[in-house]
>>> print(open('upload15.csv').read())   # CSV, C-alpha atoms
chain,number,residue,atom,x,y,z
A,1,MET,CA,3.6,-24.4,13.7
A,2,ALA,CA,2.4,-21.4,11.9
A,3,VAL,CA,1.8,-22.1,8.2
A,4,LEU,CA,2.8,-19.8,5.4
A,5,ARG,CA,-0.7,-18.4,4.8
A,6,THR,CA,-1.0,-17.3,8.4
A,7,LEU,CA,2.2,-15.3,8.2
A,8,LEU,CA,1.3,-13.9,4.9
A,9,GLY,CA,-2.1,-12.9,6.2
A,10,ASP,CA,-0.6,-11.3,9.2
A,11,ALA,CA,1.8,-9.3,7.1
A,12,LEU,CA,-0.9,-8.1,4.7
A,13,ARG,CA,-3.2,-7.1,7.6
A,14,GLU,CA,-0.4,-5.2,9.4
A,15,THR,CA,0.4,-3.4,6.2
A,16,ARG,CA,-3.2,-2.4,5.7
A,17,LEU,CA,-3.6,-1.3,9.3
A,18,ARG,CA,-0.4,0.8,9.2
A,19,GLN,CA,-2.0,2.6,6.3
A,20,ASN,CA,-5.2,3.2,8.3
A,21,ARG,CA,-7.2,1.6,5.5
A,22,THR,CA,-10.3,-0.6,5.8
A,23,LEU,CA,-11.0,-4.1,4.4
A,24,ARG,CA,-13.5,-2.4,2.2
A,25,GLU,CA,-11.1,0.1,0.7
A,26,VAL,CA,-8.3,-2.5,0.0
A,27,SER,CA,-10.6,-5.2,-1.2
A,28,GLY,CA,-12.2,-2.7,-3.6
A,29,ALA,CA,-8.8,-1.6,-4.9
A,30,ALA,CA,-7.6,-5.2,-5.2
A,31,ARG,CA,-10.9,-6.3,-6.9
A,32,VAL,CA,-11.4,-9.1,-4.5
A,33,SER,CA,-14.4,-9.5,-2.3
A,34,LEU,CA,-14.2,-8.1,1.3
A,35,GLY,CA,-14.9,-11.6,2.7
A,36,TYR,CA,-12.1,-13.1,0.7
A,37,LEU,CA,-9.5,-10.5,1.8
A,38,SER,CA,-10.7,-10.9,5.4
A,39,GLU,CA,-10.2,-14.7,5.2
A,40,VAL,CA,-6.7,-14.3,3.6
A,41,GLU,CA,-5.7,-11.9,6.3
A,42,ARG,CA,-6.8,-14.3,9.0
A,43,GLY,CA,-4.9,-17.2,7.3
A,44,GLN,CA,-8.1,-19.0,6.6
A,45,LYS,CA,-7.7,-19.0,2.8
A,46,GLU,CA,-4.7,-19.5,0.5
A,47,ALA,CA,-4.4,-16.6,-1.8
A,48,SER,CA,-3.6,-17.5,-5.4
A,49,SER,CA,-0.4,-15.9,-6.8
A,50,GLU,CA,-2.4,-13.5,-8.9
A,51,LEU,CA,-4.6,-12.4,-6.0
A,52,LEU,CA,-1.7,-12.0,-3.7
A,53,ALA,CA,-0.1,-9.8,-6.4
A,54,SER,CA,-3.3,-7.8,-6.7
A,55,ILE,CA,-3.6,-7.3,-2.9
A,56,CYS,CA,0.0,-6.1,-2.7
A,57,ARG,CA,-0.6,-3.7,-5.6
A,58,ALA,CA,-3.7,-2.4,-3.8
A,59,LEU,CA,-1.6,-1.9,-0.7
A,60,GLY,CA,1.2,-0.2,-2.7
A,61,VAL,CA,3.8,-2.6,-1.5
A,62,ARG,CA,6.0,-5.0,-3.3
A,63,LEU,CA,5.2,-8.7,-3.0
A,64,SER,CA,9.0,-9.4,-2.8
A,65,ASP,CA,9.1,-7.2,0.3
A,66,VAL,CA,6.2,-9.0,1.9
A,67,LEU,CA,7.8,-12.3,1.2
A,68,ARG,CA,11.1,-11.2,2.6
A,69,GLU,CA,9.4,-10.1,5.8
A,70,VAL,CA,7.5,-13.4,6.0
A,71,SER,CA,10.7,-15.4,5.4
A,72,GLU,CA,12.4,-13.6,8.2
A,73,THR,CA,9.6,-14.3,10.6
A,74,LEU,CA,9.4,-17.9,9.5
A,75,SER,CA,13.2,-18.4,9.9
A,76,VAL,CA,12.9,-17.5,13.6
A,77,ILE,CA,10.1,-20.0,14.3
A,78,GLU,CA,10.8,-22.7,11.8
A,79,PRO,CA,12.7,-25.8,13.1
A,80,GLU,CA,15.8,-27.0,11.3
A,81,PRO,CA,14.9,-29.4,8.5
A,82,ASP,CA,14.9,-33.1,9.3
A,83,VAL,CA,17.8,-34.5,7.3
A,84,LEU,CA,16.1,-36.7,4.7
A,85,VAL,CA,18.8,-36.3,2.2
A,86,PRO,CA,22.2,-38.1,2.4
A,87,SER,CA,24.6,-35.9,4.4
A,88,ARG,CA,28.0,-36.2,6.0
A,89,PRO,CA,28.1,-37.5,9.5
A,90,GLN,CA,28.0,-34.7,12.0
A,91,ALA,CA,31.3,-33.7,13.6
A,92,LEU,CA,31.7,-35.0,17.1
A,93,PRO,CA,32.1,-32.3,19.7
A,94,THR,CA,35.7,-31.5,20.4
A,95,PRO,CA,36.7,-33.1,23.7
A,96,LEU,CA,37.9,-30.8,26.4
A,97,PRO,CA,41.7,-31.1,27.2
A,98,VAL,CA,42.2,-33.5,30.1
A,99,ALA,CA,43.8,-30.7,32.2
A,100,SER,CA,40.6,-28.6,32.0
A,101,VAL,CA,38.4,-31.5,33.0
A,102,ARG,CA,40.7,-32.2,36.0
A,103,ALA,CA,40.7,-28.6,37.0
A,104,ALA,CA,36.9,-28.4,36.8
A,105,ARG,CA,36.6,-31.6,38.9
A,106,ASP,CA,38.9,-30.1,41.5
A,107,VAL,CA,36.7,-27.0,41.7
A,108,VAL,CA,33.6,-29.2,42.2
A,109,ALA,CA,35.4,-31.3,44.8
A,110,ALA,CA,36.5,-28.2,46.7
A,111,ALA,CA,33.0,-26.7,46.8
B,1,MET,CA,5.4,-11.0,-15.2
B,2,ALA,CA,6.3,-14.2,-13.4
B,3,VAL,CA,3.9,-15.1,-10.7
B,4,LEU,CA,4.9,-16.3,-7.3
B,5,ARG,CA,4.0,-20.0,-8.0
B,6,THR,CA,6.3,-20.0,-11.0
B,7,LEU,CA,9.2,-18.8,-9.0
B,8,LEU,CA,8.4,-21.1,-6.1
B,9,GLY,CA,8.2,-24.0,-8.6
B,10,ASP,CA,11.6,-23.1,-10.1
B,11,ALA,CA,13.2,-22.9,-6.7
B,12,LEU,CA,11.8,-26.3,-5.6
B,13,ARG,CA,12.8,-28.0,-8.9
B,14,GLU,CA,16.3,-26.5,-8.7
B,15,THR,CA,16.7,-27.7,-5.2
B,16,ARG,CA,15.6,-31.2,-6.1
B,17,LEU,CA,17.9,-31.3,-9.2
B,18,ARG,CA,20.9,-30.1,-7.1
B,19,GLN,CA,20.3,-33.1,-4.9
B,20,ASN,CA,20.1,-35.4,-8.0
B,21,ARG,CA,16.7,-36.7,-6.9
B,22,THR,CA,13.8,-37.7,-9.0
B,23,LEU,CA,10.2,-36.5,-8.8
B,24,ARG,CA,9.3,-40.0,-7.7
B,25,GLU,CA,11.7,-39.9,-4.7
B,26,VAL,CA,10.7,-36.4,-3.5
B,27,SER,CA,7.0,-36.9,-4.1
B,28,GLY,CA,7.1,-40.1,-2.1
B,29,ALA,CA,9.0,-38.5,0.8
B,30,ALA,CA,6.6,-35.5,0.7
B,31,ARG,CA,3.5,-37.8,0.4
B,32,VAL,CA,2.2,-35.9,-2.5
B,33,SER,CA,1.4,-37.5,-5.9
B,34,LEU,CA,4.2,-37.3,-8.5
B,35,GLY,CA,1.8,-35.5,-10.9
B,36,TYR,CA,1.0,-32.8,-8.3
B,37,LEU,CA,4.7,-32.2,-7.5
B,38,SER,CA,5.5,-31.9,-11.2
B,39,GLU,CA,2.7,-29.4,-11.6
B,40,VAL,CA,3.9,-27.4,-8.6
B,41,GLU,CA,7.5,-27.4,-10.0
B,42,ARG,CA,6.2,-26.1,-13.4
B,43,GLY,CA,4.2,-23.4,-11.7
B,44,GLN,CA,0.9,-24.9,-12.9
B,45,LYS,CA,-0.5,-25.5,-9.5
B,46,GLU,CA,-0.6,-23.4,-6.4
B,47,ALA,CA,0.8,-25.5,-3.5
B,48,SER,CA,-1.1,-25.1,-0.3
B,49,SER,CA,1.0,-23.9,2.7
B,50,GLU,CA,0.9,-27.4,4.2
B,51,LEU,CA,2.0,-29.1,1.0
B,52,LEU,CA,4.7,-26.5,0.5
B,53,ALA,CA,6.0,-27.2,4.0
B,54,SER,CA,5.9,-31.0,3.3
B,55,ILE,CA,7.8,-30.6,0.0
B,56,CYS,CA,10.5,-28.5,1.7
B,57,ARG,CA,10.8,-31.1,4.5
B,58,ALA,CA,11.2,-33.8,1.9
B,59,LEU,CA,13.9,-31.8,0.3
B,60,GLY,CA,15.6,-31.2,3.6
B,61,VAL,CA,15.5,-27.4,3.2
B,62,ARG,CA,13.8,-24.7,5.2
B,63,LEU,CA,10.7,-23.0,3.6
B,64,SER,CA,12.1,-19.7,4.9
B,65,ASP,CA,15.2,-20.1,2.9
B,66,VAL,CA,13.2,-21.0,-0.2
B,67,LEU,CA,11.0,-17.9,0.3
B,68,ARG,CA,14.0,-15.7,0.8
B,69,GLU,CA,15.5,-16.9,-2.4
B,70,VAL,CA,12.2,-16.4,-4.2
B,71,SER,CA,11.8,-12.9,-2.7
B,72,GLU,CA,15.3,-12.0,-4.0
B,73,THR,CA,14.5,-13.2,-7.5
B,74,LEU,CA,11.2,-11.4,-7.4
B,75,SER,CA,12.7,-8.1,-6.2
B,76,VAL,CA,14.8,-8.0,-9.3
B,77,ILE,CA,12.0,-8.5,-11.8
B,78,GLU,CA,9.1,-6.9,-9.9
B,79,PRO,CA,8.2,-3.3,-10.9
B,80,GLU,CA,7.9,-0.6,-8.3
B,81,PRO,CA,4.4,-0.6,-6.9
B,82,ASP,CA,1.9,1.8,-8.4
B,83,VAL,CA,1.2,4.4,-5.7
B,84,LEU,CA,-2.4,3.8,-4.8
B,85,VAL,CA,-2.0,5.0,-1.2
B,86,PRO,CA,-1.7,8.7,-0.4
B,87,SER,CA,1.9,9.7,-0.2
B,88,ARG,CA,4.0,12.8,0.1
B,89,PRO,CA,5.0,14.5,-3.1
B,90,GLN,CA,8.3,13.3,-4.3
B,91,ALA,CA,11.2,15.6,-3.5
B,92,LEU,CA,12.5,17.5,-6.5
B,93,PRO,CA,16.1,16.6,-7.4
B,94,THR,CA,18.6,18.8,-5.7
B,95,PRO,CA,19.8,21.4,-8.3
B,96,LEU,CA,23.5,21.4,-8.9
B,97,PRO,CA,25.4,24.4,-7.7
B,98,VAL,CA,25.6,27.0,-10.4
B,99,ALA,CA,29.4,26.9,-10.4
B,100,SER,CA,29.4,23.2,-11.2
B,101,VAL,CA,27.0,23.7,-14.1
B,102,ARG,CA,29.2,26.5,-15.5
B,103,ALA,CA,32.3,24.3,-15.1
B,104,ALA,CA,30.6,21.4,-16.9
B,105,ARG,CA,29.5,23.8,-19.7
B,106,ASP,CA,33.1,25.0,-20.1
B,107,VAL,CA,34.4,21.4,-20.3
B,108,VAL,CA,31.8,20.7,-23.0
B,109,ALA,CA,32.6,23.9,-24.9
B,110,ALA,CA,36.3,23.2,-24.8
B,111,ALA,CA,35.9,19.7,-26.2
>>> encode(input="upload15.csv", output="structure tokens")
Amino acid sequence: MAVLRTLLGDALRETRLRQNRTLREVSGAARVSLGYLSEVERGQKEASSELLASICRALGVRLSDVLREVSETLSVIEPEPDVLVPSRPQALPTPLPVASVRAARDVVAAA
Amino acid sequence: MAVLRTLLGDALRETRLRQNRTLREVSGAARVSLGYLSEVERGQKEASSELLASICRALGVRLSDVLREVSETLSVIEPEPDVLVPSRPQALPTPLPVASVRAARDVVAAA
């Protein structure tokens, strides 16, 4: 399961590469060390909120846009939450009408 | 300018309160200390990706949904990025046709 910092790092690296910019350029503009930015991009380090904002500014993108992109990626791979909160019982599947079940059985029997 | 951890904390606290659950319940379910969860909710501590995922599981919500909500809130309050990357010059506003300008001037003059 990919964690948030991995997806954030991927999004930041892709943005930088689309701009044909180096780690050196962006880390300088963001006033973070090159090594730190590199670790953030590889999902090895959690960026603080302030540094995330600074990296986004250096890339000329909005953090909200990066987060939306990340949330979309995550929504595809994230499993449904375990239900730990009280919830209504799940509806049972609607049973097929008896006639349909008989018809299907006849088809199977005839095959 | 609200930083990301403040908005994340707000979103987590609102989710917990909507469920009428206490800090004690949710911190227990998430296996984090009550003090830590409280600090995260108040935007005083950055939650690591793993702990953020754990808190969301304990709340029975998807992290992607929380992030989308946060990105929407942020998009309203976040300023446009400073342009630090080379970009094309902005297009000049399209001038109004002379006839429209004259018509508007006549309306103003007649008032």
>>> closest_atom_pairs(input="upload15.csv", of="chain B", to="chain A", cutoff="10 Å", atoms="all atoms listed in the file", output="tab-separated table")
residue	atom	partner	partner_atom	distance
B:Ala2	CA	A:Ser49	CA	9.6
B:Val3	CA	A:Ser49	CA	5.9
B:Leu4	CA	A:Ser49	CA	5.3
B:Arg5	CA	A:Ser49	CA	6.1
B:Thr6	CA	A:Ser49	CA	8.9
B:Gln19	CA	A:Val85	CA	7.9
B:Arg21	CA	A:Val85	CA	9.3
B:Val26	CA	A:Leu84	CA	9.8
B:Ala29	CA	A:Leu84	CA	8.3
B:Lys45	CA	A:Ser48	CA	9.5
B:Glu46	CA	A:Ser48	CA	6.7
B:Ala47	CA	A:Glu46	CA	9.1
B:Ser48	CA	A:Glu46	CA	6.7
B:Ser49	CA	A:Leu4	CA	5.2
B:Glu50	CA	A:Val3	CA	6.7
B:Leu52	CA	A:Leu4	CA	8.5
B:Ala53	CA	A:Val3	CA	7.8
B:Cys56	CA	A:Pro81	CA	8.1
B:Arg57	CA	A:Pro81	CA	6.0
B:Ala58	CA	A:Leu84	CA	6.3
B:Leu59	CA	A:Val85	CA	6.9
B:Gly60	CA	A:Pro81	CA	5.3
B:Val61	CA	A:Pro81	CA	5.7
B:Arg62	CA	A:Pro81	CA	5.8
B:Leu63	CA	A:Ser71	CA	7.8
B:Ser64	CA	A:Ser71	CA	4.5
B:Asp65	CA	A:Ser71	CA	7.0
B:Val66	CA	A:Ser71	CA	8.3
B:Leu67	CA	A:Ser71	CA	5.7
B:Arg68	CA	A:Arg68	CA	5.6
B:Glu69	CA	A:Arg68	CA	8.8
B:Val70	CA	A:Ser64	CA	7.8
B:Ser71	CA	A:Ser64	CA	4.5
B:Glu72	CA	A:Ser64	CA	6.9
B:Thr73	CA	A:Ser64	CA	8.2
B:Leu74	CA	A:Ser64	CA	5.5
B:Ser75	CA	A:Ser64	CA	5.2
B:Val76	CA	A:Ser64	CA	8.8
B:Ile77	CA	A:Ser64	CA	9.5
B:Glu78	CA	A:Ser64	CA	7.5
B:Pro79	CA	A:Arg62	CA	8.1
B:Glu80	CA	A:Arg62	CA	6.9
B:Pro81	CA	A:Gly60	CA	5.3
B:Asp82	CA	A:Gly60	CA	6.1
B:Val83	CA	A:Gly60	CA	5.5
B:Leu84	CA	A:Gly60	CA	5.8
B:Val85	CA	A:Gly60	CA	6.3
B:Pro86	CA	A:Gln19	CA	9.1
>>> atom_distance(input="upload15.csv", atom1="CA of Thr15 in chain A", atom2="CA of Leu8 in chain B")
23.0 Å
>>> atom_distance(input="upload15.csv", atom1="CA of Gly28 in chain A", atom2="CA of Ile55 in chain A")
9.8 Å
>>> atom_distance(input="upload15.csv", atom1="CA of Tyr36 in chain B", atom2="CA of Ser33 in chain A")
28.6 Å
>>> residues_around(input="upload15.csv", residues="Leu51 in chain B", least_positions_apart="5", cutoff="9 Å", atoms="all atoms listed in the file", output="ChimeraX atom specification")
/B:30-32,56
>>> build_atoms(input="upload15.csv", residues="range 53-81 of chain B", atoms="N, CA and C atoms", output="short mmCIF file (atom, residue, chain, number, x, y, z; two decimals), keeping the file's coordinate frame")
data_model
loop_
_atom_site.label_atom_id
_atom_site.label_comp_id
_atom_site.auth_asym_id
_atom_site.auth_seq_id
_atom_site.Cartn_x
_atom_site.Cartn_y
_atom_site.Cartn_z
N ALA B 53 5.19 -26.87 2.81
CA ALA B 53 6.00 -27.20 4.00
C ALA B 53 6.47 -28.69 3.84
N SER B 54 5.57 -29.55 3.39
CA SER B 54 5.90 -31.00 3.30
C SER B 54 6.95 -31.22 2.18
N ILE B 55 6.84 -30.50 1.08
CA ILE B 55 7.80 -30.60 0.00
C ILE B 55 9.19 -30.16 0.48
N CYS B 56 9.20 -29.04 1.20
CA CYS B 56 10.50 -28.50 1.70
C CYS B 56 11.09 -29.52 2.71
N ARG B 57 10.26 -30.12 3.56
CA ARG B 57 10.80 -31.10 4.50
C ARG B 57 11.40 -32.29 3.71
N ALA B 58 10.68 -32.72 2.68
CA ALA B 58 11.20 -33.80 1.90
C ALA B 58 12.51 -33.51 1.20
N LEU B 59 12.69 -32.23 0.89
CA LEU B 59 13.90 -31.80 0.30
C LEU B 59 15.02 -31.47 1.30
N GLY B 60 14.63 -31.48 2.58
CA GLY B 60 15.60 -31.20 3.60
C GLY B 60 16.02 -29.71 3.64
N VAL B 61 15.14 -28.83 3.17
CA VAL B 61 15.50 -27.40 3.20
C VAL B 61 14.40 -26.66 4.00
N ARG B 62 14.74 -25.46 4.41
CA ARG B 62 13.80 -24.70 5.20
C ARG B 62 12.93 -23.84 4.20
N LEU B 63 11.64 -23.82 4.46
CA LEU B 63 10.70 -23.00 3.60
C LEU B 63 11.17 -21.54 3.67
N SER B 64 11.65 -21.10 4.84
CA SER B 64 12.10 -19.70 4.90
C SER B 64 13.22 -19.39 3.99
N ASP B 65 14.12 -20.36 3.81
CA ASP B 65 15.20 -20.10 2.90
C ASP B 65 14.73 -20.10 1.43
N VAL B 66 13.78 -20.98 1.12
CA VAL B 66 13.20 -21.00 -0.20
C VAL B 66 12.51 -19.65 -0.49
N LEU B 67 11.75 -19.18 0.50
CA LEU B 67 11.00 -17.90 0.30
C LEU B 67 11.97 -16.73 0.19
N ARG B 68 13.06 -16.77 0.94
CA ARG B 68 14.00 -15.70 0.80
C ARG B 68 14.61 -15.63 -0.58
N GLU B 69 14.96 -16.82 -1.06
CA GLU B 69 15.50 -16.90 -2.40
C GLU B 69 14.50 -16.39 -3.45
N VAL B 70 13.24 -16.80 -3.29
CA VAL B 70 12.20 -16.40 -4.20
C VAL B 70 11.99 -14.85 -4.12
N SER B 71 12.02 -14.32 -2.90
CA SER B 71 11.80 -12.90 -2.70
C SER B 71 12.94 -12.10 -3.39
N GLU B 72 14.15 -12.66 -3.33
CA GLU B 72 15.30 -12.00 -4.00
C GLU B 72 15.15 -11.98 -5.49
N THR B 73 14.75 -13.11 -6.03
CA THR B 73 14.50 -13.20 -7.50
C THR B 73 13.43 -12.21 -7.89
N LEU B 74 12.35 -12.23 -7.13
CA LEU B 74 11.20 -11.40 -7.40
C LEU B 74 11.55 -9.91 -7.35
N SER B 75 12.39 -9.56 -6.39
CA SER B 75 12.70 -8.10 -6.20
C SER B 75 13.43 -7.56 -7.40
N VAL B 76 14.12 -8.45 -8.15
CA VAL B 76 14.80 -8.00 -9.30
C VAL B 76 13.88 -7.71 -10.49
N ILE B 77 12.86 -8.56 -10.62
CA ILE B 77 12.00 -8.50 -11.80
C ILE B 77 10.69 -7.70 -11.51
N GLU B 78 10.39 -7.51 -10.24
CA GLU B 78 9.10 -6.90 -9.90
C GLU B 78 9.17 -5.38 -10.07
N PRO B 79 8.19 -4.80 -10.75
CA PRO B 79 8.20 -3.30 -10.90
C PRO B 79 7.92 -2.67 -9.54
N GLU B 80 8.29 -1.41 -9.46
CA GLU B 80 7.90 -0.60 -8.30
C GLU B 80 6.39 -0.60 -8.18
N PRO B 81 5.85 -0.59 -6.96
CA PRO B 81 4.40 -0.60 -6.90
C PRO B 81 3.81 0.73 -7.38
#
